[in-house]
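What follows is the content of target.cif, which has mmCIF, C-alpha atoms and all ligand atoms:
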```cif
data_target
loop_
_atom_site.label_atom_id
_atom_site.label_comp_id
_atom_site.auth_asym_id
_atom_site.auth_seq_id
_atom_site.Cartn_x
_atom_site.Cartn_y
_atom_site.Cartn_z
CA MET A 1 -17.08 -0.63 3.44
CA LYS A 2 -19.69 1.50 1.59
CA GLY A 3 -19.36 5.17 2.44
CA LYS A 4 -16.48 4.63 4.89
CA ASP A 5 -12.98 6.13 4.68
CA LEU A 6 -9.86 4.05 4.11
CA LEU A 7 -7.02 5.90 5.83
CA SER A 8 -5.43 2.82 7.40
CA VAL A 9 -5.45 -0.91 6.65
CA ALA A 10 -6.82 -1.19 10.21
CA ASP A 11 -10.06 0.47 8.98
CA LEU A 12 -10.79 -2.96 7.44
CA THR A 13 -11.42 -6.38 8.95
CA GLY A 14 -9.76 -9.61 7.85
CA GLU A 15 -13.13 -10.51 6.28
CA ASP A 16 -13.18 -7.24 4.27
CA ILE A 17 -9.69 -8.01 2.95
CA ARG A 18 -10.62 -11.55 1.91
CA LEU A 19 -13.68 -10.20 0.07
CA LEU A 20 -11.58 -7.55 -1.71
CA ILE A 21 -9.09 -10.20 -2.84
CA SER A 22 -11.77 -12.55 -4.15
CA ASN A 23 -13.60 -9.75 -5.99
CA ALA A 24 -10.29 -8.47 -7.39
CA VAL A 25 -9.50 -11.93 -8.77
CA GLU A 26 -12.88 -11.94 -10.57
CA MET A 27 -12.53 -8.39 -11.81
CA LYS A 28 -9.07 -9.20 -13.14
CA ALA A 29 -10.57 -12.02 -15.21
CA GLU A 30 -13.59 -10.02 -16.37
CA GLY A 31 -12.05 -6.63 -17.24
CA TRP A 32 -14.51 -3.80 -17.95
CA SER A 33 -17.94 -3.29 -16.37
CA THR A 34 -20.47 -0.55 -15.62
CA LEU A 35 -20.54 -0.98 -11.82
CA LEU A 36 -19.56 2.66 -11.19
CA SER A 37 -21.22 4.44 -14.10
CA GLU A 38 -22.15 7.98 -13.07
CA LYS A 39 -19.51 7.96 -10.28
CA VAL A 40 -16.62 10.43 -10.12
CA LEU A 41 -13.39 10.04 -8.16
CA ALA A 42 -11.20 13.06 -7.32
CA LEU A 43 -7.45 12.39 -7.05
CA VAL A 44 -5.55 14.97 -4.98
CA PHE A 45 -1.78 14.46 -4.96
CA GLU A 46 0.82 16.40 -2.96
CA LYS A 47 3.63 14.07 -4.13
CA PRO A 48 4.59 12.48 -7.49
CA SER A 49 3.13 9.12 -8.59
CA LEU A 50 3.17 6.71 -11.51
CA ARG A 51 1.39 3.55 -10.35
CA THR A 52 -1.15 5.03 -7.93
CA ARG A 53 -2.38 7.77 -10.20
CA VAL A 54 -2.59 5.66 -13.35
CA SER A 55 -4.11 2.60 -11.64
CA PHE A 56 -6.85 4.67 -9.97
CA GLU A 57 -7.65 6.52 -13.20
CA VAL A 58 -7.77 3.29 -15.22
CA ALA A 59 -9.77 1.56 -12.46
CA MET A 60 -12.48 4.22 -12.62
CA ARG A 61 -12.54 4.07 -16.43
CA GLN A 62 -12.82 0.25 -16.44
CA LEU A 63 -15.73 0.47 -13.97
CA GLY A 64 -17.60 2.92 -16.18
CA GLY A 65 -16.87 5.99 -14.02
CA HIS A 66 -14.58 9.03 -14.23
CA ALA A 67 -11.50 10.31 -12.41
CA VAL A 68 -10.33 13.93 -12.06
CA TYR A 69 -6.63 14.35 -11.22
CA LEU A 70 -5.31 17.40 -9.33
CA SER A 71 -1.52 17.71 -9.30
CA PRO A 72 0.62 18.99 -6.40
CA ALA A 73 0.87 22.42 -8.06
CA GLU A 74 -2.88 22.81 -8.58
CA VAL A 75 -4.50 22.48 -5.18
CA GLY A 76 -1.97 23.61 -2.59
CA LEU A 77 -3.66 21.80 0.32
CA GLY A 78 -3.40 24.07 3.35
CA LYS A 79 -1.45 26.67 1.32
CA ARG A 80 -3.62 28.09 -1.46
CA GLU A 81 -6.71 26.96 0.42
CA ALA A 82 -7.50 25.42 3.82
CA THR A 83 -7.64 21.60 3.64
CA ALA A 84 -11.09 21.62 5.27
CA ASP A 85 -12.42 23.92 2.51
CA VAL A 86 -10.89 21.78 -0.25
CA ALA A 87 -12.56 18.71 1.28
CA GLN A 88 -15.99 20.29 1.42
CA VAL A 89 -15.79 21.69 -2.11
CA LEU A 90 -14.52 18.47 -3.72
CA ALA A 91 -17.32 16.51 -2.02
CA ARG A 92 -19.82 18.67 -3.95
CA TYR A 93 -18.36 17.40 -7.27
CA ALA A 94 -17.02 13.91 -6.59
CA ASP A 95 -18.32 10.68 -5.01
CA ALA A 96 -14.98 9.92 -3.32
CA ILE A 97 -11.58 11.53 -2.81
CA THR A 98 -8.28 9.69 -3.16
CA ALA A 99 -5.44 11.69 -1.64
CA ARG A 100 -1.63 11.38 -1.42
CA THR A 101 -0.27 13.66 1.29
CA PHE A 102 2.94 14.44 3.12
CA SER A 103 1.29 14.39 6.55
CA HIS A 104 -1.25 11.76 7.62
CA GLU A 105 -2.99 14.53 9.53
CA THR A 106 -3.92 16.20 6.24
CA LEU A 107 -5.80 13.02 5.28
CA GLU A 108 -7.61 13.04 8.62
CA ILE A 109 -8.73 16.63 8.01
CA LEU A 110 -9.92 15.74 4.50
CA ALA A 111 -11.86 12.78 5.92
CA LYS A 112 -13.36 14.88 8.70
CA TYR A 113 -14.69 17.60 6.39
CA ALA A 114 -15.55 15.68 3.19
CA ARG A 115 -19.00 14.12 3.25
CA VAL A 116 -17.76 11.46 0.79
CA PRO A 117 -15.27 8.62 1.45
CA VAL A 118 -11.55 9.46 1.50
CA ILE A 119 -8.97 6.89 0.38
CA ASN A 120 -5.33 7.10 1.47
CA ALA A 121 -3.13 6.97 -1.65
CA LEU A 122 0.03 7.17 0.58
CA SER A 123 0.90 9.37 3.53
CA ASP A 124 3.94 9.49 5.80
CA VAL A 125 2.29 6.81 7.98
CA GLU A 126 0.57 4.32 5.65
CA HIS A 127 0.09 3.10 2.07
CA PRO A 128 -2.95 0.83 2.43
CA CYS A 129 -3.75 0.38 -1.30
CA GLN A 130 -0.22 -0.92 -1.87
CA ALA A 131 -0.46 -3.45 0.98
CA LEU A 132 -3.90 -4.71 -0.12
CA ALA A 133 -2.74 -5.16 -3.72
CA ASP A 134 0.37 -6.96 -2.43
CA LEU A 135 -1.82 -9.45 -0.56
CA LEU A 136 -3.59 -10.15 -3.87
CA THR A 137 -0.19 -10.83 -5.48
CA ILE A 138 0.84 -13.15 -2.65
CA TYR A 139 -2.51 -14.94 -2.83
CA GLU A 140 -2.06 -15.50 -6.58
CA LYS A 141 1.54 -16.67 -6.32
CA LYS A 142 1.23 -18.81 -3.18
CA GLY A 143 -2.43 -19.89 -3.23
CA GLY A 144 -3.25 -18.30 0.16
CA LEU A 145 -1.94 -16.04 2.92
CA GLU A 146 -2.36 -17.75 6.27
CA GLY A 147 0.77 -19.34 7.72
CA LEU A 148 3.15 -17.84 5.13
CA THR A 149 6.03 -15.66 6.34
CA MET A 150 6.95 -12.24 4.96
CA ALA A 151 10.37 -10.75 5.76
CA PHE A 152 10.44 -6.97 5.33
CA ILE A 153 14.00 -5.62 5.11
CA GLY A 154 14.70 -1.93 5.69
CA ASP A 155 12.86 1.16 6.80
CA GLY A 156 9.89 0.86 9.19
CA ASN A 157 8.02 3.21 6.85
CA ASN A 158 4.52 3.78 5.42
CA VAL A 159 4.64 0.62 3.28
CA ALA A 160 5.96 -1.49 6.17
CA HIS A 161 3.23 -0.16 8.49
CA SER A 162 0.41 -1.05 6.09
CA LEU A 163 1.92 -4.47 5.37
CA MET A 164 2.29 -5.35 9.04
CA LEU A 165 -1.32 -4.40 9.79
CA ALA A 166 -2.51 -6.33 6.72
CA ALA A 167 -0.47 -9.37 7.77
CA ALA A 168 -1.88 -9.25 11.30
CA LEU A 169 -5.46 -9.14 9.95
CA THR A 170 -5.02 -12.10 7.60
CA GLY A 171 -2.86 -14.63 9.46
CA LEU A 172 0.33 -13.90 7.51
CA ASN A 173 3.48 -14.01 9.68
CA PHE A 174 5.54 -10.82 9.48
CA ARG A 175 9.20 -10.23 10.38
CA ILE A 176 10.84 -6.85 10.00
CA ALA A 177 14.59 -6.15 10.05
CA SER A 178 15.44 -2.46 10.55
CA PRO A 179 18.46 -0.57 11.87
CA PRO A 180 18.13 1.19 15.24
CA GLY A 181 16.34 4.50 14.84
CA TYR A 182 14.37 3.35 11.79
CA ARG A 183 11.95 0.88 13.33
CA ALA A 184 8.19 0.89 12.76
CA ARG A 185 6.29 3.44 14.84
CA GLN A 186 5.46 2.23 18.32
CA ASN A 187 1.70 2.83 18.02
CA ILE A 188 1.50 0.86 14.74
CA TRP A 189 3.59 -1.89 16.27
CA GLU A 190 1.22 -2.15 19.25
CA GLN A 191 -1.85 -2.10 17.02
CA THR A 192 -0.33 -4.85 14.88
CA ARG A 193 0.43 -7.06 17.89
CA GLU A 194 -3.12 -6.58 19.13
CA LEU A 195 -4.67 -7.52 15.75
CA ALA A 196 -2.34 -10.52 15.47
CA LEU A 197 -3.91 -11.99 18.61
CA GLY A 198 -7.11 -12.44 16.61
CA SER A 199 -5.54 -14.08 13.55
CA GLY A 200 -2.63 -16.01 15.04
CA SER A 201 0.00 -14.16 12.93
CA GLU A 202 3.51 -14.18 14.40
CA ILE A 203 4.94 -10.64 14.32
CA THR A 204 8.62 -10.12 15.14
CA CYS A 205 11.36 -7.52 14.71
CA THR A 206 15.13 -7.81 14.56
CA GLU A 207 18.12 -5.74 13.48
CA ASP A 208 19.55 -8.65 11.48
CA PRO A 209 18.29 -9.09 7.88
CA ALA A 210 19.67 -12.66 7.77
CA ILE A 211 17.52 -13.67 10.76
CA ALA A 212 14.43 -12.12 9.18
CA VAL A 213 14.77 -13.80 5.77
CA ARG A 214 15.63 -17.30 7.03
CA ASP A 215 13.12 -19.68 5.34
CA ALA A 216 10.77 -16.80 4.51
CA ASP A 217 8.18 -17.24 1.72
CA ILE A 218 8.25 -13.56 0.78
CA VAL A 219 11.16 -11.09 0.89
CA TYR A 220 9.97 -7.48 0.70
CA THR A 221 11.89 -4.23 0.64
CA ASP A 222 11.26 -0.54 -0.09
CA VAL A 223 13.36 2.59 -0.62
CA TRP A 224 15.62 3.89 2.15
CA VAL A 225 14.62 7.50 1.45
CA SER A 226 10.87 8.01 1.07
CA MET A 227 9.25 11.02 -0.60
CA GLY A 228 9.56 13.97 1.76
CA GLN A 229 12.75 12.63 3.44
CA GLU A 230 15.22 13.87 0.81
CA ALA A 231 17.07 16.07 3.33
CA GLN A 232 18.00 12.93 5.31
CA ALA A 233 19.26 11.01 2.26
CA ALA A 234 22.95 10.84 3.23
CA GLU A 235 22.40 9.69 6.82
CA ARG A 236 19.77 7.17 5.72
CA ARG A 237 22.04 5.64 3.05
CA LYS A 238 24.67 5.17 5.75
CA ALA A 239 22.26 3.64 8.29
CA PHE A 240 20.81 1.17 5.75
CA ALA A 241 24.09 0.22 4.01
CA SER A 242 23.99 -3.38 5.32
CA TYR A 243 20.26 -3.80 4.57
CA GLN A 244 20.48 -4.30 0.81
CA VAL A 245 18.43 -7.16 -0.62
CA ASN A 246 20.87 -8.98 -2.92
CA GLU A 247 21.39 -12.53 -4.25
CA MET A 248 23.21 -13.56 -1.08
CA LEU A 249 20.40 -12.43 1.26
CA LEU A 250 17.63 -13.76 -0.99
CA SER A 251 19.32 -17.19 -1.11
CA GLN A 252 18.69 -17.56 2.63
CA ALA A 253 14.91 -17.44 2.13
CA LYS A 254 12.99 -20.48 0.86
CA PRO A 255 14.12 -21.53 -2.65
CA ASP A 256 10.67 -20.63 -4.03
CA ALA A 257 10.43 -17.32 -2.12
CA ILE A 258 9.07 -14.34 -4.03
CA LEU A 259 10.79 -10.95 -4.00
CA MET A 260 8.56 -7.88 -3.65
CA HIS A 261 9.04 -4.10 -3.89
CA PRO A 262 6.31 -1.46 -4.31
CA LEU A 263 8.43 0.56 -6.82
CA PRO A 264 9.88 3.03 -7.62
CA ALA A 265 13.14 1.21 -6.82
CA HIS A 266 16.65 2.58 -6.44
CA HIS A 267 18.69 -0.15 -8.13
CA GLY A 268 22.04 -0.53 -6.39
CA GLU A 269 20.68 0.81 -3.07
CA GLU A 270 17.94 -1.16 -1.27
CA VAL A 271 18.10 -3.78 -4.04
CA SER A 272 21.25 -4.94 -5.85
CA GLU A 273 21.57 -3.79 -9.44
CA ASN A 274 19.73 -6.56 -11.34
CA ILE A 275 17.85 -8.47 -8.67
CA LEU A 276 14.42 -7.17 -9.64
CA SER A 277 14.93 -8.91 -13.03
CA ASN A 278 15.47 -12.22 -11.19
CA PRO A 279 12.69 -14.81 -11.86
CA GLN A 280 11.77 -14.64 -8.13
CA SER A 281 10.81 -10.96 -8.49
CA VAL A 282 7.07 -10.24 -8.81
CA VAL A 283 7.30 -6.44 -8.89
CA LEU A 284 5.42 -6.01 -12.18
CA ASP A 285 2.57 -8.22 -10.96
CA GLN A 286 2.45 -6.04 -7.85
CA ALA A 287 2.17 -2.93 -10.00
CA GLU A 288 -0.57 -4.50 -12.17
CA ASN A 289 -2.52 -5.72 -9.15
CA ARG A 290 -2.87 -2.15 -7.87
CA LEU A 291 -5.45 -1.77 -10.66
CA HIS A 292 -7.43 -4.93 -9.90
CA LEU A 293 -7.48 -4.56 -6.12
CA GLN A 294 -8.45 -0.88 -6.34
CA LYS A 295 -11.31 -1.76 -8.68
CA ALA A 296 -12.66 -4.13 -6.01
CA LEU A 297 -12.09 -1.44 -3.37
CA LEU A 298 -13.86 1.30 -5.34
CA ALA A 299 -16.76 -1.04 -6.14
CA ALA A 300 -17.16 -1.79 -2.41
CA MET A 301 -16.76 1.79 -1.20
CA LEU A 302 -18.77 3.58 -3.90
CA GLY A 303 -21.03 0.86 -5.24
CA GLY A 304 -21.75 -1.16 -2.13
CA LEU A 305 -20.32 -4.34 -3.67
CA GLU A 306 -19.86 -6.05 -0.30
CA ILE A 307 -20.60 -9.59 -1.40
CA PRO A 308 -18.61 -11.93 -3.61
CA LEU A 309 -18.93 -10.64 -7.16
CA SER A 310 -19.88 -14.15 -8.28
CA ASN A 311 -23.09 -13.88 -6.18
CA TYR A 312 -23.92 -10.41 -7.43
N1 LIG B 401 4.02 2.04 -5.51
C1 LIG B 401 3.52 3.28 -5.70
O1 LIG B 401 2.66 3.77 -4.93
O2 LIG B 401 4.02 3.93 -6.79
P1 LIG B 401 3.78 5.46 -7.18
O3 LIG B 401 4.48 6.29 -6.13
O4 LIG B 401 4.39 5.60 -8.54
O5 LIG B 401 2.31 5.74 -7.17
N1 LIG B 402 8.03 4.54 1.01
C1 LIG B 402 7.91 5.10 -0.32
C2 LIG B 402 6.84 4.38 -1.07
C3 LIG B 402 6.61 4.86 -2.48
C4 LIG B 402 5.53 4.12 -3.17
C5 LIG B 402 7.62 6.58 -0.21
O1 LIG B 402 6.83 6.99 0.66
O2 LIG B 402 8.19 7.35 -0.98
#
```
Please lay out the structure from this file as structure tokens.
Amino acid sequence: MKGKDLLSVADLTGEDIRLLISNAVEMKAEGWSTLLSEKVLALVFEKPSLRTRVSFEVAMRQLGGHAVYLSPAEVGLGKREATADVAQVLARYADAITARTFSHETLEILAKYARVPVINALSDVEHPCQALADLLTIYEKKGGLEGLTMAFIGDGNNVAHSLMLAAALTGLNFRIASPPGYRARQNIWEQTRELALGSGSEITCTEDPAIAVRDADIVYTDVWVSMGQEAQAAERRKAFASYQVNEMLLSQAKPDAILMHPLPAHHGEEVSENILSNPQSVVLDQAENRLHLQKALLAAMLGGLEIPLSNY
């Protein structure tokens, strides 16, 4: 992973993901270190963020390094300055760039022109750091990944794309229930099916949430209107009206199923009003695990920590 970009979960192998999870578990237990002293991470955000920004900044601090945050108003990627120029300049100051963009293409331009690694902190196509941290949460709660079944209910969006690729790389079965017109992108779907051949994951799609959740180990949902889609809010709320994750739907999964959501949530829309306070909900562990997984990721990408930390 050292020196490489992470724009998609598919930039990693199943082996990489298992290593990240095991190092994240150790880093979570150990806390602070000096693995990345003298390293600087630039954070370039075109969209708002709570978890991603704070977890990356704290991750760098806990590893002995520094983070520099640039807000949407400050940089103006492709507006104040060409994205290629921003990439080349930032690479003269920082050892890696973490970027949250509207268009995935902007990330590809950053990665092409920056001579340091670029990490996708969410684009319109993927949210790899979220999916990797979620695998850590599943691993902690269920003791493994292989053979478990995740049911994703709702939009075939950035979070769904990264989760399906991550599932296909690690032997997790993945079912997605989406309304017509809001399915996962065809190219991601094909890539997922291809990767699943190597791990044995079963990957299926349906329009019926009840079929997807039946006996699932994990029920996952995300917002109906992602950042950048605000103009489509009314039509999306209509299309997804019967895709709410509520007590009734959750009761059709396994009795010990966990309920996941990347947050921010719209209570009363994709999730019923109080369901994220239900004991089955692990949303705060998901948010916390962004920090631990990203520490393992940064240590591998910037520090070359590509072996189990316990053997280091
Ligand atoms: N889950 C997540 O990425 O949250 P933020 O948008 O707050 O970073
Ligand atoms: N799909 C959501 C995820 C936010 C973390 C969005 O893109 O807004």
Can you work out which residues are within 9 Å of ligand LIG 401 (chain B), considering all atoms listed in the file, and then hand them over as a tab-separated table (two decimals) with C-alpha atoms, in the coordinates of the input?
```tsv
chain	number	residue	atom	x	y	z
A	47	LYS	CA	3.63	14.07	-4.13
A	48	PRO	CA	4.59	12.48	-7.49
A	49	SER	CA	3.13	9.12	-8.59
A	50	LEU	CA	3.17	6.71	-11.51
A	51	ARG	CA	1.39	3.55	-10.35
A	52	THR	CA	-1.15	5.03	-7.93
A	53	ARG	CA	-2.38	7.77	-10.20
A	54	VAL	CA	-2.59	5.66	-13.35
A	55	SER	CA	-4.11	2.60	-11.64
A	100	ARG	CA	-1.63	11.38	-1.42
A	121	ALA	CA	-3.13	6.97	-1.65
A	122	LEU	CA	0.03	7.17	0.58
A	127	HIS	CA	0.09	3.10	2.07
A	129	CYS	CA	-3.75	0.38	-1.30
A	130	GLN	CA	-0.22	-0.92	-1.87
A	159	VAL	CA	4.64	0.62	3.28
A	227	MET	CA	9.25	11.02	-0.60
A	261	HIS	CA	9.04	-4.10	-3.89
A	262	PRO	CA	6.31	-1.46	-4.31
A	263	LEU	CA	8.43	0.56	-6.82
A	264	PRO	CA	9.88	3.03	-7.62
A	286	GLN	CA	2.45	-6.04	-7.85
A	287	ALA	CA	2.17	-2.93	-10.00
A	290	ARG	CA	-2.87	-2.15	-7.87
```
Padded axis-aligned box of ligand LIG 402 (chain B) (4 Å per side), centre and edge lengths, Å, one decimal, as AutoDock Vina command-line options:
```
--center_x 6.9 --center_y 5.7 --center_z -1.1 --size_x 10.7 --size_y 11.2 --size_z 12.2
```
| query | Between A:Lys28, A:His104, A:Arg214, A:Arg80, which has the minimum distance to ligand LIG 402 (chain B) (counting all atoms listed in the file)? | reply | A:His104
| request: Using all atoms listed in the file, determine which residues lie at most 9 Å from Glu146 (chain A), disregarding the query and same-chain residues fewer than 4 positions distant; provide the list as a ChimeraX atom specification. | output: /A:167,170-173,199-201
| task | May I ask which of the residues A:Ala257, A:Leu249, A:Ala160, A:Val9 is the closest one to ligand LIG 402 (chain B), counting only C-alpha atoms and all ligand atoms? | result |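 Of A:Ala257, A:Leu249, A:Ala160, A:Val9, the one nearest ligand LIG 402 (chain B) is A:Ala160, counting only C-alpha atoms and all ligand atoms.
In terms of minimum interatomic distance to Gly78 (chain A), A:Leu107 ranks closest within A:Leu163, A:Met301, A:Val118, A:Leu107, counting all atoms listed in the file.
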| task | Kindly give the distance, in Å, that separates CA of Val75 (chain A) and CA of Val58 (chain A), rounded to a single decimal. | result |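 Interatomic distance here is 21.9 Å.
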